[in-house]
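So the structure is just underneath, and the comments pick up after that.
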Number of protein chains: 2
Amino acid sequence: MDYKSWIFALNADKPRFLHTALRVRNIDAALRFYVDGLGLMLFDRIEIEHLRVTALFLGFEVGAGFLELVCYWDTDAPYTHRPGYNHAAIGVPNLNAILDKLEAMGVEITSRPSVSIQGAAPAAFVKDADGYALELVQIRNG
Amino acid sequence: MDYKSWIFALNADKPRFLHTALRVRNIDAALRFYVDGLGLMLFDRIEIEHLRVTALFLGFEVGAGFLELVCYWDTDAPYTHRPGYNHAAIGVPNLNAILDKLEAMGVEITSRPSVSIQGAAPAAFVKDADGYALELVQIRNG
């Protein structure tokens with residue numbers, strides 16, 4: 001199901017989160033990180049000719065939160081990452097395995113797994129293909 | 001259930017989205033927009049003394065995507081909003097009613113409801129208390 005059809009099919013009585021959008025420069029590099037690296041699926045790719053922009057909708061399953069990656073065809077200016085945009089977070093069952101995989105792909109690990117506050121799950125930070133901070137959180141115990 | 005306990009309780013075998021984090025300057029102003037204006041609930045407020053930062057976790061229901069608002073106690077630098085961070089999207093059953101309410105609260109409506117591509121649901125854009133773009137999408141038909 002594509003993203004537009006999913007929105008229409010919701011026909012909802014309560015508000016809900018839909019997606020977070022980030023601008024990316026290179027679609028192939030972004031897909032390599034999010035699809036090949038982190039295992040997200042590409043649910044929809046929309047070429048908006050009159051706005052000269054491509055929008056990609058990625059996620060782990062339909063309706064459980066989308067990441068929208070937006071690529072402006074004619075933009076050359078460098079993207080800012082901080083302050084302002086802080087990070088997005090993805091939970092993974094095996095944090096060390098995914099970090100090993102990403103590192104083998106050349107991804108920069110900016111912070112190794114650690115527990116920032118008492119009682120929290122271990123989390124690491126990596127940079128995506130455009131330099132956005134992404135938090136990876138361990139979501140399986142034992 | 002607080003955010004940390006929720007993460008531990010997941011004990012998941014599949015990866016999933018957890019949250020998107022934005023930096024905010026004024027917690028009261030941010031809560032006025034997201035809680036009073038948009039109806040999100042505050043699930044957790046964590047004061048991290050040693051990092052001198054407050055983290056707020058908001059959402060419509062536990063597990064259906066969180067927005068994390070991060071307030072650094074000692075930061076004064078203005079936050080950048082574009083390019084880089086693009087927007088987050090929230091679906092609402094009645095787009096015109098929520099826009100009327102937000103406008104009455106003094107929120108800036110940057111784009112009135114329109115359909116950007118054929119087959120898409122009507123969407124508007126507003127600015128939150130820190131100037132971040134937020135897309136509001138109609139998710140009830142008729």
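We name chains A, B, ... following the order of the structure tokens; residues begin at 1 in each chain, and ligands are numbered from 1 as shown.
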
Compile the contact shell of region 103-112 of chain A as a PyMOL selection string: residues with an atom at most 8 Å away, counting only C-alpha atoms, same-chain residues fewer than 2 positions apart removed. chain A and resi 37+99-101+114+123-129

Using only all heavy atoms, please write the residues we just selected to a file, as a PDB file, in the first residue's frame.
```pdb
ATOM      1  N   GLY A  37      21.445  -0.762   5.262  1.00  0.00           N
ATOM      2  CA  GLY A  37      22.107  -0.742   6.564  1.00  0.00           C
ATOM      3  C   GLY A  37      21.173  -1.072   7.715  1.00  0.00           C
ATOM      4  O   GLY A  37      21.461  -1.937   8.540  1.00  0.00           O
ATOM      5  N   LEU A  99      25.565  -2.242  14.852  1.00  0.00           N
ATOM      6  CA  LEU A  99      26.708  -1.318  14.810  1.00  0.00           C
ATOM      7  C   LEU A  99      27.870  -1.936  14.042  1.00  0.00           C
ATOM      8  O   LEU A  99      28.533  -1.259  13.261  1.00  0.00           O
ATOM      9  CB  LEU A  99      27.140  -0.940  16.234  1.00  0.00           C
ATOM     10  CG  LEU A  99      26.177  -0.033  17.000  1.00  0.00           C
ATOM     11  CD1 LEU A  99      26.662   0.182  18.430  1.00  0.00           C
ATOM     12  CD2 LEU A  99      25.995   1.317  16.298  1.00  0.00           C
ATOM     13  N   ASP A 100      28.105  -3.233  14.233  1.00  0.00           N
ATOM     14  CA  ASP A 100      29.168  -3.920  13.480  1.00  0.00           C
ATOM     15  C   ASP A 100      28.881  -3.843  11.981  1.00  0.00           C
ATOM     16  O   ASP A 100      29.768  -3.571  11.170  1.00  0.00           O
ATOM     17  CB  ASP A 100      29.251  -5.399  13.899  1.00  0.00           C
ATOM     18  CG  ASP A 100      29.883  -5.570  15.279  1.00  0.00           C
ATOM     19  OD1 ASP A 100      30.462  -4.589  15.792  1.00  0.00           O
ATOM     20  OD2 ASP A 100      29.779  -6.671  15.841  1.00  0.00           O
ATOM     21  N   LYS A 101      27.626  -4.086  11.625  1.00  0.00           N
ATOM     22  CA  LYS A 101      27.243  -4.065  10.211  1.00  0.00           C
ATOM     23  C   LYS A 101      27.418  -2.670   9.619  1.00  0.00           C
ATOM     24  O   LYS A 101      27.972  -2.505   8.528  1.00  0.00           O
ATOM     25  CB  LYS A 101      25.794  -4.520  10.082  1.00  0.00           C
ATOM     26  CG  LYS A 101      25.269  -4.495   8.662  1.00  0.00           C
ATOM     27  CD  LYS A 101      23.813  -4.910   8.611  1.00  0.00           C
ATOM     28  CE  LYS A 101      23.252  -4.689   7.213  1.00  0.00           C
ATOM     29  NZ  LYS A 101      21.802  -4.941   7.168  1.00  0.00           N
ATOM     30  N   SER A 114      25.953   3.174  25.379  1.00  0.00           N
ATOM     31  CA  SER A 114      26.101   3.567  26.771  1.00  0.00           C
ATOM     32  C   SER A 114      24.716   3.852  27.323  1.00  0.00           C
ATOM     33  O   SER A 114      23.743   3.973  26.582  1.00  0.00           O
ATOM     34  CB  SER A 114      26.998   4.803  26.897  1.00  0.00           C
ATOM     35  OG  SER A 114      26.322   5.941  26.388  1.00  0.00           O
ATOM     36  N   ALA A 123      22.150   2.800  24.413  1.00  0.00           N
ATOM     37  CA  ALA A 123      21.909   3.483  23.148  1.00  0.00           C
ATOM     38  C   ALA A 123      23.221   3.965  22.558  1.00  0.00           C
ATOM     39  O   ALA A 123      24.163   4.288  23.276  1.00  0.00           O
ATOM     40  CB  ALA A 123      20.959   4.662  23.360  1.00  0.00           C
ATOM     41  N   ALA A 124      23.274   3.998  21.224  1.00  0.00           N
ATOM     42  CA  ALA A 124      24.443   4.497  20.496  1.00  0.00           C
ATOM     43  C   ALA A 124      23.960   5.552  19.505  1.00  0.00           C
ATOM     44  O   ALA A 124      22.767   5.642  19.216  1.00  0.00           O
ATOM     45  CB  ALA A 124      25.132   3.355  19.761  1.00  0.00           C
ATOM     46  N   PHE A 125      24.881   6.355  19.000  1.00  0.00           N
ATOM     47  CA  PHE A 125      24.542   7.328  17.964  1.00  0.00           C
ATOM     48  C   PHE A 125      25.402   7.097  16.733  1.00  0.00           C
ATOM     49  O   PHE A 125      26.588   6.812  16.839  1.00  0.00           O
ATOM     50  CB  PHE A 125      24.747   8.767  18.473  1.00  0.00           C
ATOM     51  CG  PHE A 125      23.648   9.240  19.386  1.00  0.00           C
ATOM     52  CD1 PHE A 125      23.697   8.976  20.748  1.00  0.00           C
ATOM     53  CD2 PHE A 125      22.555   9.932  18.879  1.00  0.00           C
ATOM     54  CE1 PHE A 125      22.670   9.400  21.592  1.00  0.00           C
ATOM     55  CE2 PHE A 125      21.527  10.364  19.713  1.00  0.00           C
ATOM     56  CZ  PHE A 125      21.584  10.097  21.072  1.00  0.00           C
ATOM     57  N   VAL A 126      24.767   7.203  15.563  1.00  0.00           N
ATOM     58  CA  VAL A 126      25.488   7.097  14.296  1.00  0.00           C
ATOM     59  C   VAL A 126      25.087   8.283  13.419  1.00  0.00           C
ATOM     60  O   VAL A 126      24.126   8.995  13.727  1.00  0.00           O
ATOM     61  CB  VAL A 126      25.161   5.776  13.556  1.00  0.00           C
ATOM     62  CG1 VAL A 126      25.512   4.573  14.422  1.00  0.00           C
ATOM     63  CG2 VAL A 126      23.696   5.717  13.144  1.00  0.00           C
ATOM     64  N   LYS A 127      25.834   8.487  12.333  1.00  0.00           N
ATOM     65  CA  LYS A 127      25.479   9.522  11.364  1.00  0.00           C
ATOM     66  C   LYS A 127      24.965   8.876  10.092  1.00  0.00           C
ATOM     67  O   LYS A 127      25.599   7.952   9.561  1.00  0.00           O
ATOM     68  CB  LYS A 127      26.700  10.379  11.025  1.00  0.00           C
ATOM     69  CG  LYS A 127      26.975  11.451  12.060  1.00  0.00           C
ATOM     70  CD  LYS A 127      27.995  12.431  11.543  1.00  0.00           C
ATOM     71  CE  LYS A 127      28.341  13.448  12.615  1.00  0.00           C
ATOM     72  NZ  LYS A 127      29.502  14.272  12.213  1.00  0.00           N
ATOM     73  N   ASP A 128      23.840   9.363   9.575  1.00  0.00           N
ATOM     74  CA  ASP A 128      23.347   8.800   8.327  1.00  0.00           C
ATOM     75  C   ASP A 128      24.126   9.393   7.144  1.00  0.00           C
ATOM     76  O   ASP A 128      25.097  10.127   7.341  1.00  0.00           O
ATOM     77  CB  ASP A 128      21.815   8.960   8.203  1.00  0.00           C
ATOM     78  CG  ASP A 128      21.380  10.324   7.683  1.00  0.00           C
ATOM     79  OD1 ASP A 128      22.244  11.198   7.447  1.00  0.00           O
ATOM     80  OD2 ASP A 128      20.166  10.507   7.510  1.00  0.00           O
ATOM     81  N   ALA A 129      23.728   9.049   5.927  1.00  0.00           N
ATOM     82  CA  ALA A 129      24.502   9.440   4.751  1.00  0.00           C
ATOM     83  C   ALA A 129      24.579  10.956   4.568  1.00  0.00           C
ATOM     84  O   ALA A 129      25.478  11.461   3.893  1.00  0.00           O
ATOM     85  CB  ALA A 129      23.904   8.791   3.499  1.00  0.00           C
TER      86      ALA A 129
END
```

Mind checking DSSP for chain B and telling me the strand (DSSP E or B) residues as a PyMOL selection string? chain B and resi 16-23+41-48+53-59+66-72+85-92+109-114+123-127+133-138

Set the cut-off to 8 Å and count only C-alpha atoms: what are the residues of chain B that reach chain A? Output as JSON, numbers by chain. {"B": [4, 5, 7, 8, 10, 11, 12, 13, 14, 15, 16, 17, 18, 19, 20, 21, 22, 23, 24, 48, 59, 60, 64, 65, 79, 80, 81, 82, 83, 84, 85, 86, 87, 88, 89, 90, 91, 92, 93, 117, 119, 120, 121, 139, 140, 141]}

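Between CA of Ile27 (chain B) and CA of Leu56 (chain B) lies a distance of 8.7 Å.
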
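Distance-wise, CA of Arg45 (chain B) and CA of Phe57 (chain B) end up 6.5 Å apart.
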
Quote the spacing between CA of Thr54 (chain B) and CA of Asn26 (chain B) in Å to one decimal place.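 Answer for the CA of Thr54 (chain B) to CA of Asn26 (chain B) separation: 10.7 Å.
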
My list of candidates is A:Met41, A:Ala55, A:Leu95, A:Leu102. Which is closest to Pro122 (chain A) when distances are computed with only C-alpha atoms? A:Leu95
